[in-house]
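Notes for the one structure printed next.
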There are 2 protein chains.
Amino acid sequence: MNDLSAVLGAISHPSRRAIIARLAKGTARVTEIAAPFEMSLNAVSKHLKVLEGAGLIHREKQGRDHVIEFRAEPLKQVAGWVHEYERFWNEHLDSLESYFIEKRKRK
Amino acid sequence: MNDLSAVLGAISHPSRRAIIARLAKGTARVTEIAAPFEMSLNAVSKHLKVLEGAGLIHREKQGRDHVIEFRAEPLKQVAGWVHEYERFWNEHLDSLESYFIEKRKRK
DNA sequence: CAAACGTTCAACTATAAGGTTGAATATAGT
DNA sequence: ACTATATTCAACCTTATAGTTGAACGTTTG
């Protein structure tokens, strides 16, 4: 299991994507993150651990609170992987669009 | 479990990404796909079923052969999802670039 | 038709994932 | 010191995942 597998595994769960969406708006404590969910706080705590394992969040302990911050860097790997297959749908674009796409690729 | 979850789940396994990499070079029969792997043919068959469930491959039966073709469309969803978070590393990149620019000015 | 080939189906095993509840730990407030 | 709050840890349950082996099914070939 390499990093990319861990990142993809982490974001493959809807709840974890929801957590990321929340954290994209700003840092939050665990209880705040858990609030909108049906599941228990413990379940959310586990999801956070998965995200942490994939490097998608960073945790800073402030007293009894854990302040969770989103870290997007690992998503670069995902973007990079997907990028290798973009040509499979770019091929269907018209030549002008392809030209600009190729131009961007060359940069 | 929505589509995106299925697609991410499908590509989260290294063997399935390897299968995709193989199919990106051209269609192949199940046995051909399985050849480079340590695991049994049956295991590969299962992986193909997962990829098929996510819409990442298409199967065309030709006699006793199943000819497998890569379908990239579902990856657009992944690219789209990741795209929403690109600003999180672009911002950092921008600030890093600005830092170096300012640094050069100061010299 | 019989044998070989390509693939899946079925049954099983082992491990991981996602959830629960209850207890433990650490900090904060009175 | 006592109580409430924030979070994790531990144990457990259920279901899913990834793999195995052996049998079945359809197709091709001699």
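All residue names refer to the structure tokens as shown: chains lettered A, B, ... in order, residues numbered from 1 in each chain, ligands numbered from 1 in order.
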Could I get chain B fitted onto chain A (least squares, all C-alpha atoms, in order) as a PDB file with C-alpha atoms, in the first residue's frame?
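Output saved as part32.pdb:
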ATOM      1  CA  MET B   1      -1.926  -1.594   1.471  1.00  0.00           C
ATOM      2  CA  ASN B   2       0.578   1.201   0.986  1.00  0.00           C
ATOM      3  CA  ASP B   3       0.289   4.851   1.996  1.00  0.00           C
ATOM      4  CA  LEU B   4      -1.218   5.997  -1.248  1.00  0.00           C
ATOM      5  CA  SER B   5      -3.976   3.425  -0.962  1.00  0.00           C
ATOM      6  CA  ALA B   6      -4.702   4.616   2.563  1.00  0.00           C
ATOM      7  CA  VAL B   7      -4.846   8.247   1.485  1.00  0.00           C
ATOM      8  CA  LEU B   8      -7.072   7.541  -1.501  1.00  0.00           C
ATOM      9  CA  GLY B   9      -9.283   5.323   0.608  1.00  0.00           C
ATOM     10  CA  ALA B  10      -9.570   8.057   3.211  1.00  0.00           C
ATOM     11  CA  ILE B  11     -10.596  10.766   0.753  1.00  0.00           C
ATOM     12  CA  SER B  12     -12.922   8.488  -1.198  1.00  0.00           C
ATOM     13  CA  HIS B  13     -15.694   9.005   1.345  1.00  0.00           C
ATOM     14  CA  PRO B  14     -17.794  12.164   0.928  1.00  0.00           C
ATOM     15  CA  SER B  15     -18.088  12.731   4.679  1.00  0.00           C
ATOM     16  CA  ARG B  16     -14.340  12.620   5.058  1.00  0.00           C
ATOM     17  CA  ARG B  17     -13.878  15.084   2.202  1.00  0.00           C
ATOM     18  CA  ALA B  18     -16.429  17.307   3.927  1.00  0.00           C
ATOM     19  CA  ILE B  19     -14.427  17.047   7.130  1.00  0.00           C
ATOM     20  CA  ILE B  20     -11.290  18.038   5.244  1.00  0.00           C
ATOM     21  CA  ALA B  21     -13.123  20.984   3.677  1.00  0.00           C
ATOM     22  CA  ARG B  22     -14.134  22.102   7.140  1.00  0.00           C
ATOM     23  CA  LEU B  23     -10.640  21.745   8.546  1.00  0.00           C
ATOM     24  CA  ALA B  24      -9.155  23.668   5.632  1.00  0.00           C
ATOM     25  CA  LYS B  25     -10.826  26.719   7.166  1.00  0.00           C
ATOM     26  CA  GLY B  26      -9.136  26.122  10.502  1.00  0.00           C
ATOM     27  CA  THR B  27      -8.680  23.700  13.332  1.00  0.00           C
ATOM     28  CA  ALA B  28     -11.731  22.401  15.193  1.00  0.00           C
ATOM     29  CA  ARG B  29     -12.747  20.162  18.040  1.00  0.00           C
ATOM     30  CA  VAL B  30     -14.407  16.817  17.347  1.00  0.00           C
ATOM     31  CA  THR B  31     -17.853  18.032  18.403  1.00  0.00           C
ATOM     32  CA  GLU B  32     -17.556  21.093  16.175  1.00  0.00           C
ATOM     33  CA  ILE B  33     -16.586  18.927  13.242  1.00  0.00           C
ATOM     34  CA  ALA B  34     -19.482  16.582  13.890  1.00  0.00           C
ATOM     35  CA  ALA B  35     -22.121  19.310  14.279  1.00  0.00           C
ATOM     36  CA  PRO B  36     -23.144  19.703  10.598  1.00  0.00           C
ATOM     37  CA  PHE B  37     -23.470  15.950  10.066  1.00  0.00           C
ATOM     38  CA  GLU B  38     -26.548  13.805  10.427  1.00  0.00           C
ATOM     39  CA  MET B  39     -24.564  10.901  11.810  1.00  0.00           C
ATOM     40  CA  SER B  40     -23.582  10.303  15.389  1.00  0.00           C
ATOM     41  CA  LEU B  41     -20.555  11.776  17.060  1.00  0.00           C
ATOM     42  CA  ASN B  42     -19.076   8.305  17.238  1.00  0.00           C
ATOM     43  CA  ALA B  43     -19.294   7.871  13.489  1.00  0.00           C
ATOM     44  CA  VAL B  44     -17.426  11.140  13.011  1.00  0.00           C
ATOM     45  CA  SER B  45     -14.860  10.013  15.539  1.00  0.00           C
ATOM     46  CA  LYS B  46     -14.269   6.939  13.400  1.00  0.00           C
ATOM     47  CA  HIS B  47     -13.889   8.999  10.241  1.00  0.00           C
ATOM     48  CA  LEU B  48     -11.328  11.118  12.035  1.00  0.00           C
ATOM     49  CA  LYS B  49      -9.428   7.991  12.935  1.00  0.00           C
ATOM     50  CA  VAL B  50      -9.333   6.986   9.273  1.00  0.00           C
ATOM     51  CA  LEU B  51      -8.070  10.441   8.286  1.00  0.00           C
ATOM     52  CA  GLU B  52      -5.509  10.258  11.061  1.00  0.00           C
ATOM     53  CA  GLY B  53      -4.355   6.863   9.825  1.00  0.00           C
ATOM     54  CA  ALA B  54      -3.769   8.371   6.401  1.00  0.00           C
ATOM     55  CA  GLY B  55      -1.825  11.256   7.925  1.00  0.00           C
ATOM     56  CA  LEU B  56      -4.401  13.796   6.773  1.00  0.00           C
ATOM     57  CA  ILE B  57      -5.098  15.193  10.208  1.00  0.00           C
ATOM     58  CA  HIS B  58      -3.153  15.797  13.360  1.00  0.00           C
ATOM     59  CA  ARG B  59      -4.664  15.676  16.797  1.00  0.00           C
ATOM     60  CA  GLU B  60      -3.599  17.780  19.745  1.00  0.00           C
ATOM     61  CA  LYS B  61      -5.225  17.110  23.078  1.00  0.00           C
ATOM     62  CA  GLN B  62      -6.063  20.249  25.002  1.00  0.00           C
ATOM     63  CA  GLY B  63      -7.698  19.185  28.204  1.00  0.00           C
ATOM     64  CA  ARG B  64     -10.796  17.241  27.343  1.00  0.00           C
ATOM     65  CA  ASP B  65     -10.839  18.659  23.811  1.00  0.00           C
ATOM     66  CA  HIS B  66      -9.097  17.118  20.852  1.00  0.00           C
ATOM     67  CA  VAL B  67      -8.098  19.908  18.517  1.00  0.00           C
ATOM     68  CA  ILE B  68      -7.921  18.590  14.973  1.00  0.00           C
ATOM     69  CA  GLU B  69      -5.698  20.121  12.340  1.00  0.00           C
ATOM     70  CA  PHE B  70      -5.615  19.393   8.623  1.00  0.00           C
ATOM     71  CA  ARG B  71      -2.350  18.058   7.192  1.00  0.00           C
ATOM     72  CA  ALA B  72      -2.166  18.265   3.406  1.00  0.00           C
ATOM     73  CA  GLU B  73       1.180  16.552   2.855  1.00  0.00           C
ATOM     74  CA  PRO B  74      -0.249  13.129   1.982  1.00  0.00           C
ATOM     75  CA  LEU B  75      -2.205  14.734  -0.832  1.00  0.00           C
ATOM     76  CA  LYS B  76       1.092  15.375  -2.605  1.00  0.00           C
ATOM     77  CA  GLN B  77       1.250  11.659  -3.250  1.00  0.00           C
ATOM     78  CA  VAL B  78      -2.165  11.778  -4.829  1.00  0.00           C
ATOM     79  CA  ALA B  79      -1.202  14.765  -6.964  1.00  0.00           C
ATOM     80  CA  GLY B  80       1.957  12.919  -7.952  1.00  0.00           C
ATOM     81  CA  TRP B  81       0.102   9.806  -8.972  1.00  0.00           C
ATOM     82  CA  VAL B  82      -2.491  11.706 -10.994  1.00  0.00           C
ATOM     83  CA  HIS B  83       0.268  13.763 -12.577  1.00  0.00           C
ATOM     84  CA  GLU B  84       1.607  10.654 -14.287  1.00  0.00           C
ATOM     85  CA  TYR B  85      -1.586  10.460 -16.282  1.00  0.00           C
ATOM     86  CA  GLU B  86      -2.123  14.124 -17.036  1.00  0.00           C
ATOM     87  CA  ARG B  87      -0.640  13.689 -20.493  1.00  0.00           C
ATOM     88  CA  PHE B  88      -3.655  11.578 -21.378  1.00  0.00           C
ATOM     89  CA  TRP B  89      -5.936  14.535 -21.193  1.00  0.00           C
ATOM     90  CA  ASN B  90      -3.378  17.152 -22.217  1.00  0.00           C
ATOM     91  CA  GLU B  91      -2.796  15.285 -25.450  1.00  0.00           C
ATOM     92  CA  HIS B  92      -6.480  15.329 -26.135  1.00  0.00           C
ATOM     93  CA  LEU B  93      -6.652  18.993 -25.275  1.00  0.00           C
ATOM     94  CA  ASP B  94      -3.743  19.723 -27.613  1.00  0.00           C
ATOM     95  CA  SER B  95      -5.342  17.861 -30.458  1.00  0.00           C
ATOM     96  CA  LEU B  96      -8.624  19.591 -29.830  1.00  0.00           C
ATOM     97  CA  GLU B  97      -6.881  22.966 -29.793  1.00  0.00           C
ATOM     98  CA  SER B  98      -5.067  22.095 -33.030  1.00  0.00           C
ATOM     99  CA  TYR B  99      -8.333  21.087 -34.554  1.00  0.00           C
ATOM    100  CA  PHE B 100      -9.878  24.467 -33.859  1.00  0.00           C
ATOM    101  CA  ILE B 101      -6.766  26.276 -35.058  1.00  0.00           C
ATOM    102  CA  GLU B 102      -6.824  24.350 -38.311  1.00  0.00           C
ATOM    103  CA  LYS B 103     -10.533  24.933 -38.610  1.00  0.00           C
ATOM    104  CA  ARG B 104     -10.021  28.698 -38.312  1.00  0.00           C
ATOM    105  CA  LYS B 105      -7.270  28.627 -40.921  1.00  0.00           C
ATOM    106  CA  ARG B 106      -9.537  26.859 -43.377  1.00  0.00           C
ATOM    107  CA  LYS B 107     -12.224  29.521 -43.102  1.00  0.00           C
TER     108      LYS B 107
END
Residues of chain A classed as strand (DSSP E) by DSSP on the backbone are to be reported as number ranges by chain.
A: 28-29, 57-62, 65-70
Once you have the residues from the selection above, write them out as a PDB file, in the first residue's frame, restricted to C-alpha atoms.
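Produced file out_35.pdb, reproduced below:
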ATOM      1  CA  ALA A  28     -12.484  22.944  13.382  1.00  0.00           C
ATOM      2  CA  ARG A  29     -12.459  20.904  16.541  1.00  0.00           C
ATOM      3  CA  ILE A  57      -5.348  16.700   7.810  1.00  0.00           C
ATOM      4  CA  HIS A  58      -3.077  18.072  10.471  1.00  0.00           C
ATOM      5  CA  ARG A  59      -3.926  18.063  14.146  1.00  0.00           C
ATOM      6  CA  GLU A  60      -2.880  20.712  16.627  1.00  0.00           C
ATOM      7  CA  LYS A  61      -3.713  20.112  20.243  1.00  0.00           C
ATOM      8  CA  GLN A  62      -4.887  23.199  22.029  1.00  0.00           C
ATOM      9  CA  ASP A  65      -9.309  20.531  21.937  1.00  0.00           C
ATOM     10  CA  HIS A  66      -7.792  19.046  18.826  1.00  0.00           C
ATOM     11  CA  VAL A  67      -7.868  21.671  16.124  1.00  0.00           C
ATOM     12  CA  ILE A  68      -8.004  19.987  12.745  1.00  0.00           C
ATOM     13  CA  GLU A  69      -6.653  21.626   9.634  1.00  0.00           C
ATOM     14  CA  PHE A  70      -7.037  20.481   6.035  1.00  0.00           C
TER      15      PHE A  70
END
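Across the model, the gap from atom C1' of C:DT21 to atom C1' of D:DA4 is 20.3 Å.
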What's the 12 Å shell around D:DC13, counting only C-alpha atoms (C1' of nucleotides), without same-chain residues fewer than 5 positions away, as a PyMOL selection string?
chain C and resi 18-21
With C-alpha atoms (C1' of nucleotides) retained, export the selected residues as a PDB file, in the first residue's frame.
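part-v6.pdb, freshly written:
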ATOM      1  C1'  DG C  18     -17.047   1.093   9.483  1.00  0.00           C
ATOM      2  C1'  DG C  19     -19.813   1.309  13.044  1.00  0.00           C
ATOM      3  C1'  DT C  20     -21.339   0.756  18.068  1.00  0.00           C
ATOM      4  C1'  DT C  21     -20.829   1.237  23.388  1.00  0.00           C
TER       5       DT C  21
END
Write down as a list in words the residues of stretch 49-94 of chain A whose backbone DSSP state falls under helix (DSSP H, G or I).
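Residues meeting the helix (DSSP H, G or I) criterion: Lys49, Val50, Leu51, Glu52, Gly53, Glu73, Pro74, Leu75, Lys76, Gln77, Val78, Ala79, Gly80, Trp81, Val82, His83, Arg87, Phe88, Trp89 and Asn90 of chain A.
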So that each row is one residue of chain D with an atom at most 9 Å from chain B, can you give its shortest atom pair and the distance in Å to one decimal, using only C-alpha atoms (C1' of nucleotides), rows by chain and rising number, as a Markdown table?
| residue | atom | partner | partner_atom | distance |
| --- | --- | --- | --- | --- |
| D:DA18 | C1' | B:Ala43 | CA | 7.6 |
| D:DG19 | C1' | B:Ala43 | CA | 6.6 |
| D:DT20 | C1' | B:Ser40 | CA | 8.1 |
| D:DG26 | C1' | B:Arg64 | CA | 6.8 |
| D:DT27 | C1' | B:Arg64 | CA | 5.0 |
| D:DT28 | C1' | B:Arg64 | CA | 7.9 |
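Note that the spacing between atom C1' of C:DC12 and atom C1' of D:DC12 amounts to 23.7 Å.
Coordinates place atom C1' of D:DT29 at a distance of 21.6 Å from atom C1' of C:DT8.
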Residue list for chain C near chain B as a VMD selection string, 9 Å, only C-alpha atoms (C1' of nucleotides)
chain C and resid 5 to 8
